[in-house]
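Peer 1: What follows is the file my_file-v2.cif, containing mmCIF, N, CA and C atoms:
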data_coords
#
loop_
_atom_site.label_atom_id
_atom_site.label_comp_id
_atom_site.auth_asym_id
_atom_site.auth_seq_id
_atom_site.Cartn_x
_atom_site.Cartn_y
_atom_site.Cartn_z
N GLN A 181 0.85 -1.19 0.00
CA GLN A 181 0.00 0.00 0.00
C GLN A 181 0.89 1.24 0.00
N VAL A 182 0.78 2.04 -1.03
CA VAL A 182 1.58 3.26 -1.13
C VAL A 182 0.80 4.41 -0.53
N GLN A 183 1.47 5.21 0.26
CA GLN A 183 0.83 6.37 0.87
C GLN A 183 1.82 7.53 0.89
N LEU A 184 1.36 8.70 0.45
CA LEU A 184 2.14 9.92 0.53
C LEU A 184 1.53 10.80 1.61
N VAL A 185 2.36 11.22 2.56
CA VAL A 185 1.87 12.00 3.68
C VAL A 185 2.59 13.34 3.69
N GLU A 186 1.80 14.41 3.51
CA GLU A 186 2.36 15.76 3.47
C GLU A 186 2.25 16.41 4.84
N SER A 187 3.17 17.33 5.11
CA SER A 187 3.11 18.12 6.33
C SER A 187 3.77 19.47 6.07
N GLY A 188 3.49 20.43 6.96
CA GLY A 188 4.19 21.71 6.91
C GLY A 188 3.39 22.88 6.38
N GLY A 189 2.16 22.66 5.96
CA GLY A 189 1.36 23.78 5.49
C GLY A 189 0.93 24.68 6.64
N GLY A 190 0.29 25.80 6.29
CA GLY A 190 -0.19 26.70 7.31
C GLY A 190 -0.41 28.09 6.78
N LEU A 191 -0.56 29.01 7.72
CA LEU A 191 -0.79 30.42 7.40
C LEU A 191 0.51 31.19 7.61
N VAL A 192 0.86 32.01 6.64
CA VAL A 192 2.09 32.81 6.73
C VAL A 192 1.83 34.16 6.09
N GLN A 193 2.53 35.16 6.58
CA GLN A 193 2.39 36.50 6.02
C GLN A 193 3.18 36.62 4.72
N PRO A 194 2.79 37.53 3.84
CA PRO A 194 3.57 37.76 2.63
C PRO A 194 5.03 38.06 2.96
N GLY A 195 5.90 37.45 2.17
CA GLY A 195 7.33 37.59 2.42
C GLY A 195 7.90 36.53 3.35
N GLY A 196 7.03 35.76 3.96
CA GLY A 196 7.47 34.72 4.89
C GLY A 196 7.88 33.44 4.20
N SER A 197 8.18 32.43 5.01
CA SER A 197 8.67 31.15 4.50
C SER A 197 7.91 29.99 5.13
N LEU A 198 7.81 28.92 4.38
CA LEU A 198 7.27 27.66 4.87
C LEU A 198 8.08 26.53 4.24
N ARG A 199 8.09 25.41 4.93
CA ARG A 199 8.75 24.23 4.38
C ARG A 199 7.76 23.08 4.39
N LEU A 200 7.48 22.53 3.23
CA LEU A 200 6.59 21.38 3.11
C LEU A 200 7.44 20.11 3.04
N SER A 201 6.90 19.05 3.59
CA SER A 201 7.60 17.78 3.55
C SER A 201 6.62 16.68 3.15
N CYS A 202 7.11 15.71 2.40
CA CYS A 202 6.28 14.60 1.95
C CYS A 202 7.04 13.30 2.20
N ALA A 203 6.42 12.43 2.97
CA ALA A 203 6.99 11.11 3.22
C ALA A 203 6.24 10.08 2.38
N ALA A 204 7.00 9.24 1.69
CA ALA A 204 6.40 8.22 0.84
C ALA A 204 6.53 6.86 1.52
N HIS A 205 5.42 6.26 1.84
CA HIS A 205 5.39 4.95 2.48
C HIS A 205 5.01 3.90 1.45
N GLY A 206 5.74 2.82 1.39
CA GLY A 206 5.40 1.77 0.44
C GLY A 206 6.50 1.43 -0.53
N SER A 207 7.74 1.74 -0.16
CA SER A 207 8.90 1.28 -0.93
C SER A 207 8.97 1.81 -2.34
N ILE A 208 8.53 3.04 -2.56
CA ILE A 208 8.63 3.61 -3.90
C ILE A 208 9.55 4.81 -3.97
N PHE A 209 9.95 5.35 -2.81
CA PHE A 209 10.65 6.63 -2.82
C PHE A 209 11.89 6.58 -3.69
N SER A 210 12.65 5.51 -3.60
CA SER A 210 13.93 5.44 -4.32
C SER A 210 13.76 5.27 -5.82
N ILE A 211 12.57 4.89 -6.27
CA ILE A 211 12.36 4.64 -7.70
C ILE A 211 11.43 5.66 -8.34
N ALA A 212 10.97 6.64 -7.56
CA ALA A 212 9.97 7.57 -8.07
C ALA A 212 10.53 8.96 -8.31
N ASP A 213 10.09 9.57 -9.39
CA ASP A 213 10.27 11.00 -9.55
C ASP A 213 9.22 11.66 -8.66
N MET A 214 9.63 12.63 -7.88
CA MET A 214 8.74 13.24 -6.90
C MET A 214 8.43 14.68 -7.29
N GLY A 215 7.23 15.11 -6.95
CA GLY A 215 6.87 16.47 -7.31
C GLY A 215 5.90 17.10 -6.33
N TRP A 216 5.82 18.39 -6.40
CA TRP A 216 4.83 19.17 -5.68
C TRP A 216 3.98 19.92 -6.70
N TYR A 217 2.68 19.79 -6.53
CA TYR A 217 1.71 20.51 -7.36
C TYR A 217 0.85 21.35 -6.43
N ARG A 218 0.12 22.28 -6.99
CA ARG A 218 -0.80 23.07 -6.18
C ARG A 218 -2.07 23.38 -6.97
N GLN A 219 -3.12 23.60 -6.20
CA GLN A 219 -4.40 23.95 -6.81
C GLN A 219 -5.06 25.03 -5.98
N ALA A 220 -5.24 26.17 -6.61
CA ALA A 220 -5.93 27.29 -5.97
C ALA A 220 -7.42 27.20 -6.30
N PRO A 221 -8.27 27.82 -5.49
CA PRO A 221 -9.72 27.77 -5.75
C PRO A 221 -10.06 28.28 -7.14
N GLY A 222 -10.83 27.49 -7.86
CA GLY A 222 -11.26 27.88 -9.20
C GLY A 222 -10.22 27.72 -10.29
N LYS A 223 -9.07 27.14 -9.93
CA LYS A 223 -8.00 26.97 -10.92
C LYS A 223 -7.63 25.50 -11.05
N GLN A 224 -6.94 25.19 -12.14
CA GLN A 224 -6.49 23.83 -12.35
C GLN A 224 -5.25 23.54 -11.52
N ARG A 225 -5.04 22.26 -11.23
CA ARG A 225 -3.83 21.87 -10.53
C ARG A 225 -2.63 22.13 -11.44
N GLU A 226 -1.58 22.68 -10.86
CA GLU A 226 -0.40 23.02 -11.65
C GLU A 226 0.88 22.53 -10.98
N LEU A 227 1.87 22.27 -11.81
CA LEU A 227 3.16 21.85 -11.30
C LEU A 227 3.85 23.02 -10.60
N VAL A 228 4.40 22.74 -9.42
CA VAL A 228 5.22 23.72 -8.72
C VAL A 228 6.69 23.38 -8.92
N ALA A 229 7.06 22.14 -8.60
CA ALA A 229 8.44 21.70 -8.74
C ALA A 229 8.49 20.18 -8.78
N ARG A 230 9.48 19.66 -9.49
CA ARG A 230 9.69 18.22 -9.56
C ARG A 230 11.17 17.92 -9.37
N ILE A 231 11.46 16.72 -8.88
CA ILE A 231 12.84 16.28 -8.72
C ILE A 231 12.89 14.80 -9.07
N THR A 232 13.82 14.46 -9.95
CA THR A 232 13.92 13.06 -10.40
C THR A 232 14.74 12.24 -9.41
N THR A 233 14.81 10.95 -9.66
CA THR A 233 15.64 10.10 -8.82
C THR A 233 17.10 10.51 -8.92
N GLY A 234 17.49 11.11 -10.03
CA GLY A 234 18.86 11.61 -10.20
C GLY A 234 19.02 13.04 -9.74
N ARG A 235 18.00 13.57 -9.04
CA ARG A 235 18.03 14.92 -8.46
C ARG A 235 18.07 16.03 -9.52
N ILE A 236 17.54 15.75 -10.68
CA ILE A 236 17.34 16.82 -11.65
C ILE A 236 16.04 17.53 -11.29
N THR A 237 16.08 18.85 -11.23
CA THR A 237 14.93 19.61 -10.77
C THR A 237 14.29 20.42 -11.89
N GLN A 238 13.02 20.69 -11.69
CA GLN A 238 12.23 21.50 -12.63
C GLN A 238 11.31 22.36 -11.79
N TYR A 239 11.17 23.64 -12.17
CA TYR A 239 10.33 24.57 -11.42
C TYR A 239 9.38 25.31 -12.35
N ALA A 240 8.22 25.65 -11.82
CA ALA A 240 7.34 26.57 -12.51
C ALA A 240 8.00 27.94 -12.54
N ASP A 241 7.79 28.68 -13.61
CA ASP A 241 8.41 30.00 -13.71
C ASP A 241 8.02 30.90 -12.55
N SER A 242 6.81 30.75 -12.06
CA SER A 242 6.31 31.63 -11.00
C SER A 242 7.01 31.44 -9.67
N VAL A 243 7.73 30.33 -9.50
CA VAL A 243 8.38 30.07 -8.21
C VAL A 243 9.90 30.01 -8.30
N LYS A 244 10.44 30.12 -9.50
CA LYS A 244 11.89 30.06 -9.66
C LYS A 244 12.57 31.15 -8.84
N GLY A 245 13.62 30.76 -8.14
CA GLY A 245 14.34 31.70 -7.30
C GLY A 245 13.75 31.88 -5.92
N ARG A 246 12.55 31.36 -5.70
CA ARG A 246 11.92 31.48 -4.38
C ARG A 246 11.73 30.12 -3.71
N PHE A 247 11.45 29.10 -4.49
CA PHE A 247 11.19 27.76 -3.95
C PHE A 247 12.37 26.84 -4.31
N THR A 248 12.63 25.89 -3.41
CA THR A 248 13.66 24.89 -3.64
C THR A 248 13.13 23.52 -3.27
N ILE A 249 13.23 22.58 -4.19
CA ILE A 249 12.82 21.20 -3.92
C ILE A 249 14.05 20.36 -3.65
N SER A 250 13.94 19.44 -2.70
CA SER A 250 15.06 18.56 -2.38
C SER A 250 14.52 17.21 -1.94
N ARG A 251 15.38 16.21 -1.97
CA ARG A 251 14.96 14.88 -1.54
C ARG A 251 16.11 14.17 -0.84
N GLU A 252 15.80 13.59 0.28
CA GLU A 252 16.68 12.66 0.98
C GLU A 252 15.80 11.48 1.38
N ASN A 253 15.35 11.46 2.59
CA ASN A 253 14.37 10.44 2.99
C ASN A 253 12.95 10.90 2.75
N THR A 254 12.78 12.18 2.57
CA THR A 254 11.50 12.79 2.20
C THR A 254 11.76 13.74 1.03
N VAL A 255 10.69 14.21 0.44
CA VAL A 255 10.85 15.27 -0.56
C VAL A 255 10.30 16.55 0.06
N ASP A 256 11.15 17.56 0.10
CA ASP A 256 10.81 18.80 0.78
C ASP A 256 10.71 19.94 -0.22
N LEU A 257 9.88 20.90 0.11
CA LEU A 257 9.74 22.11 -0.68
C LEU A 257 9.94 23.30 0.24
N GLN A 258 11.06 23.96 0.11
CA GLN A 258 11.33 25.17 0.87
C GLN A 258 10.77 26.34 0.09
N MET A 259 9.86 27.07 0.70
CA MET A 259 9.19 28.17 0.04
C MET A 259 9.54 29.47 0.74
N ASN A 260 10.22 30.35 0.05
CA ASN A 260 10.62 31.64 0.59
C ASN A 260 9.93 32.77 -0.17
N SER A 261 9.95 33.93 0.41
CA SER A 261 9.35 35.12 -0.22
C SER A 261 7.95 34.83 -0.73
N LEU A 262 7.16 34.25 0.13
CA LEU A 262 5.82 33.83 -0.28
C LEU A 262 4.93 35.02 -0.61
N LYS A 263 4.06 34.80 -1.59
CA LYS A 263 3.15 35.83 -2.06
C LYS A 263 1.70 35.34 -1.89
N PRO A 264 0.76 36.25 -1.82
CA PRO A 264 -0.64 35.82 -1.71
C PRO A 264 -1.06 34.87 -2.84
N GLU A 265 -0.50 35.03 -4.01
CA GLU A 265 -0.85 34.16 -5.13
C GLU A 265 -0.29 32.75 -4.98
N ASP A 266 0.54 32.51 -3.98
CA ASP A 266 1.00 31.15 -3.68
C ASP A 266 -0.03 30.37 -2.85
N THR A 267 -1.07 31.04 -2.43
CA THR A 267 -2.11 30.38 -1.65
C THR A 267 -2.77 29.29 -2.46
N ALA A 268 -2.78 28.08 -1.91
CA ALA A 268 -3.33 26.93 -2.61
C ALA A 268 -3.23 25.71 -1.72
N VAL A 269 -3.87 24.63 -2.16
CA VAL A 269 -3.61 23.33 -1.56
C VAL A 269 -2.44 22.73 -2.33
N TYR A 270 -1.44 22.29 -1.61
CA TYR A 270 -0.24 21.73 -2.21
C TYR A 270 -0.27 20.20 -2.08
N TYR A 271 -0.02 19.53 -3.20
CA TYR A 271 -0.09 18.08 -3.26
C TYR A 271 1.27 17.48 -3.61
N CYS A 272 1.60 16.41 -2.94
CA CYS A 272 2.80 15.65 -3.25
C CYS A 272 2.45 14.57 -4.28
N ASN A 273 3.36 14.33 -5.19
CA ASN A 273 3.14 13.35 -6.26
C ASN A 273 4.36 12.46 -6.41
N ALA A 274 4.11 11.18 -6.62
CA ALA A 274 5.17 10.21 -6.90
C ALA A 274 4.83 9.49 -8.19
N ARG A 275 5.77 9.50 -9.12
CA ARG A 275 5.48 8.96 -10.46
C ARG A 275 6.68 8.19 -10.97
N GLY A 276 6.42 7.09 -11.66
CA GLY A 276 7.52 6.33 -12.23
C GLY A 276 7.03 5.07 -12.89
N ALA A 277 7.97 4.22 -13.21
CA ALA A 277 7.64 2.94 -13.85
C ALA A 277 8.80 1.98 -13.64
N THR A 278 8.47 0.76 -13.34
CA THR A 278 9.47 -0.29 -13.24
C THR A 278 8.96 -1.53 -13.95
N MET A 279 9.88 -2.42 -14.25
CA MET A 279 9.48 -3.67 -14.92
C MET A 279 8.52 -4.46 -14.05
N SER A 280 8.79 -4.50 -12.75
CA SER A 280 7.97 -5.33 -11.87
C SER A 280 6.67 -4.66 -11.47
N ARG A 281 6.70 -3.35 -11.28
CA ARG A 281 5.51 -2.63 -10.79
C ARG A 281 4.66 -2.09 -11.92
N GLY A 282 5.29 -1.81 -13.06
CA GLY A 282 4.58 -1.10 -14.12
C GLY A 282 4.58 0.38 -13.83
N ALA A 283 3.76 1.12 -14.52
CA ALA A 283 3.68 2.57 -14.32
C ALA A 283 2.86 2.87 -13.07
N PHE A 284 3.28 3.88 -12.33
CA PHE A 284 2.54 4.29 -11.14
C PHE A 284 2.51 5.81 -11.03
N ASP A 285 1.50 6.29 -10.36
CA ASP A 285 1.27 7.73 -10.21
C ASP A 285 0.41 7.91 -8.97
N TYR A 286 1.05 8.33 -7.87
CA TYR A 286 0.37 8.46 -6.59
C TYR A 286 0.32 9.91 -6.14
N TRP A 287 -0.76 10.23 -5.40
CA TRP A 287 -0.95 11.58 -4.88
C TRP A 287 -1.19 11.56 -3.37
N GLY A 288 -0.70 12.59 -2.71
CA GLY A 288 -1.04 12.79 -1.32
C GLY A 288 -2.39 13.47 -1.19
N GLN A 289 -2.82 13.67 0.05
CA GLN A 289 -4.13 14.27 0.30
C GLN A 289 -4.11 15.78 0.22
N GLY A 290 -2.94 16.38 0.27
CA GLY A 290 -2.82 17.81 0.14
C GLY A 290 -2.67 18.52 1.48
N THR A 291 -1.98 19.64 1.44
CA THR A 291 -1.82 20.48 2.63
C THR A 291 -2.05 21.94 2.23
N GLN A 292 -2.81 22.64 3.05
CA GLN A 292 -3.19 24.02 2.72
C GLN A 292 -2.07 24.99 3.05
N VAL A 293 -1.76 25.85 2.11
CA VAL A 293 -0.84 26.96 2.32
C VAL A 293 -1.61 28.24 2.06
N THR A 294 -1.64 29.11 3.05
CA THR A 294 -2.34 30.39 2.93
C THR A 294 -1.36 31.51 3.22
N VAL A 295 -1.24 32.42 2.27
CA VAL A 295 -0.34 33.56 2.42
C VAL A 295 -1.21 34.81 2.51
N SER A 296 -1.24 35.38 3.70
CA SER A 296 -2.14 36.50 3.93
C SER A 296 -1.66 37.32 5.11
N SER A 297 -1.91 38.61 5.05
CA SER A 297 -1.58 39.48 6.17
C SER A 297 -2.79 39.67 7.08
#
Could you quickly redo this structure as structure tokens?
Peer 2:
Amino acid sequence: QVQLVESGGGLVQPGGSLRLSCAAHGSIFSIADMGWYRQAPGKQRELVARITTGRITQYADSVKGRFTISRENTVDLQMNSLKPEDTAVYYCNARGATMSRGAFDYWGQGTQVTVSS
């Protein structure tokens, strides 16, 4: 049973920082490309950042220079200089494919990030 568990969301003032963390349970972390997505009210879910098993990173233009994704035992998203437009539910994603498992694509339940004064 694969489970992604997010933590670290909350309320922060503009210009502040938050760190999100995602733990992957179910023996997939080492074989999965990991990502953070977000969905604001009335908008589609969008990619925030991704990191491959080889630690190659990809960022949305809107967060470049402010957010940093990393992975060790968890996949973390350090968010600095937060703006009100960063307000959204943030979701952790694990994606990949192996000969034995086939293709997989798992999502966490999401954690709310609210940037407001």
Peer 1: Need to verify the contact set: Asn253 in chain A, 8 Å, all atoms listed in the file, exclusion of same-chain residues closer than 2 positions in sequence. Can you return it as a ChimeraX atom specification?
Peer 2: /A:202-204,209,250-251,255-256
Peer 1: Based on the backbone DSSP call, show me all residues of range 190-283 of chain A assigned strand (DSSP E or B), as a ChimeraX atom specification.
Peer 2: /A:190-192,198-205,213-219,226-231,237-239,247-251,255-259,268-278,282-283
Peer 1: Apply DSSP to the backbone of this structure and, from chain A, keep only the residues in helix (DSSP H, G or I); write these as a list of chain:residue names.
Peer 2: A:Phe209, A:Ser210, A:Ile211, A:Asp241, A:Ser242, A:Val243, A:Pro264, A:Glu265, A:Asp266
Peer 1: Might you pull out every residue within 6.5 Å of Leu191 in chain A, with all atoms listed in the file counted and same-chain residues fewer than 4 positions away left off, and present them as a list in words?
Peer 2: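 Using all atoms listed in the file, the neighbours found are Gln292, Val293, Thr294, Val295 and Ser296 of chain A.
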Peer 1: On this file, the PyMOL selection byres (((chain A and resi 232-234 and name CA) around 7) and name CA) gives some set of residues; write that set as a ChimeraX atom specification.
Peer 2: /A:210-214,230-231,235-237
Peer 1: Mind pulling up the distance from CA of Ala283 in chain A to CA of Ala220 in chain A?
Peer 2: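 Separation between CA of Ala220 in chain A and CA of Ala283 in chain A: 27.8 Å.
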Peer 1: What does the structure give for the distance between atom N of Arg275 in chain A and atom C of Val182 in chain A, in Å to one decimal?
Peer 2: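 Value for the atom N of Arg275 in chain A-atom C of Val182 in chain A distance: 11.2 Å.
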Peer 1: For Tyr286 in chain A, work out the shell of residues within 9 Å, counting only C-alpha atoms and skipping chain neighbours fewer than 4 positions away, then give it as a ChimeraX atom specification.
Peer 2: /A:182-184,272-275
Peer 1: For this structure, which residues satisfy the selection - the PyMOL selection byres ((chain A and resi 260) around 5) - when it is evaluated on the file as given? I want them as a list in words.
Peer 2: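 Listing what the PyMOL selection byres ((chain A and resi 260) around 5) selects in the shown file: Gly196, Ser197, Arg246, Phe247, Gln258, Met259, Ser261 and Leu262 of chain A.
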Peer 1: Which distance in Å separates atom N of Gly188 in chain A and atom N of Ser201 in chain A, to one decimal?
Peer 2: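 Here the two named atoms are 5.0 Å from each other.
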Peer 1: Within 6 Å of (-1.8, 40.4, 5.4) in the file's own coordinates, which protein, DNA or RNA residues have an atom, counting only N, CA and C atoms? List them as a count of residues only.
Peer 2: 4
Peer 1: When distances are computed from only N, CA and C atoms, which of A:Gln238, A:Thr267, A:Ser280, A:Gln181 shows the smallest separation from Arg218 in chain A?
Peer 2: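 Checking each candidate against Arg218 in chain A, we get A:Thr267 as the closest.
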Peer 1: With only C-alpha atoms as the basis for distance, which of A:Ser207, A:Ser242, A:Ser187, A:Thr254 is at the shortest distance from Gly290 in chain A?
Peer 2: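 The shortest atom-to-atom distance to Gly290 in chain A comes from A:Ser187.
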Peer 1: Expand the PyMOL selection byres ((chain A and resi 219) around 6.5) into the explicit residue set it covers here, and present it as number ranges by chain.
Peer 2: A: 217-218, 220-221, 223-226, 267-271
Peer 1: Taking N, CA and C atoms for each residue, export the selection above as a PDB file, keeping the file's coordinate frame.
Peer 2:
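again_28.pdb written:
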ATOM      1  N   TYR A 217       2.680  19.790  -6.530  1.00  0.00           N
ATOM      2  CA  TYR A 217       1.710  20.510  -7.360  1.00  0.00           C
ATOM      3  C   TYR A 217       0.850  21.350  -6.430  1.00  0.00           C
ATOM      4  N   ARG A 218       0.120  22.280  -6.990  1.00  0.00           N
ATOM      5  CA  ARG A 218      -0.800  23.070  -6.180  1.00  0.00           C
ATOM      6  C   ARG A 218      -2.070  23.380  -6.970  1.00  0.00           C
ATOM      7  N   ALA A 220      -5.240  26.170  -6.610  1.00  0.00           N
ATOM      8  CA  ALA A 220      -5.930  27.290  -5.970  1.00  0.00           C
ATOM      9  C   ALA A 220      -7.420  27.200  -6.300  1.00  0.00           C
ATOM     10  N   PRO A 221      -8.270  27.820  -5.490  1.00  0.00           N
ATOM     11  CA  PRO A 221      -9.720  27.770  -5.750  1.00  0.00           C
ATOM     12  C   PRO A 221     -10.060  28.280  -7.140  1.00  0.00           C
ATOM     13  N   LYS A 223      -9.070  27.140  -9.930  1.00  0.00           N
ATOM     14  CA  LYS A 223      -8.000  26.970 -10.920  1.00  0.00           C
ATOM     15  C   LYS A 223      -7.630  25.500 -11.050  1.00  0.00           C
ATOM     16  N   GLN A 224      -6.940  25.190 -12.140  1.00  0.00           N
ATOM     17  CA  GLN A 224      -6.490  23.830 -12.350  1.00  0.00           C
ATOM     18  C   GLN A 224      -5.250  23.540 -11.520  1.00  0.00           C
ATOM     19  N   ARG A 225      -5.040  22.260 -11.230  1.00  0.00           N
ATOM     20  CA  ARG A 225      -3.830  21.870 -10.530  1.00  0.00           C
ATOM     21  C   ARG A 225      -2.630  22.130 -11.440  1.00  0.00           C
ATOM     22  N   GLU A 226      -1.580  22.680 -10.860  1.00  0.00           N
ATOM     23  CA  GLU A 226      -0.400  23.020 -11.650  1.00  0.00           C
ATOM     24  C   GLU A 226       0.880  22.530 -10.980  1.00  0.00           C
ATOM     25  N   THR A 267      -1.070  31.040  -2.430  1.00  0.00           N
ATOM     26  CA  THR A 267      -2.110  30.380  -1.650  1.00  0.00           C
ATOM     27  C   THR A 267      -2.770  29.290  -2.460  1.00  0.00           C
ATOM     28  N   ALA A 268      -2.780  28.080  -1.910  1.00  0.00           N
ATOM     29  CA  ALA A 268      -3.330  26.930  -2.610  1.00  0.00           C
ATOM     30  C   ALA A 268      -3.230  25.710  -1.720  1.00  0.00           C
ATOM     31  N   VAL A 269      -3.870  24.630  -2.160  1.00  0.00           N
ATOM     32  CA  VAL A 269      -3.610  23.330  -1.560  1.00  0.00           C
ATOM     33  C   VAL A 269      -2.440  22.730  -2.330  1.00  0.00           C
ATOM     34  N   TYR A 270      -1.440  22.290  -1.610  1.00  0.00           N
ATOM     35  CA  TYR A 270      -0.240  21.730  -2.210  1.00  0.00           C
ATOM     36  C   TYR A 270      -0.270  20.200  -2.080  1.00  0.00           C
ATOM     37  N   TYR A 271      -0.020  19.530  -3.200  1.00  0.00           N
ATOM     38  CA  TYR A 271      -0.090  18.080  -3.260  1.00  0.00           C
ATOM     39  C   TYR A 271       1.270  17.480  -3.610  1.00  0.00           C
TER      40      TYR A 271
END
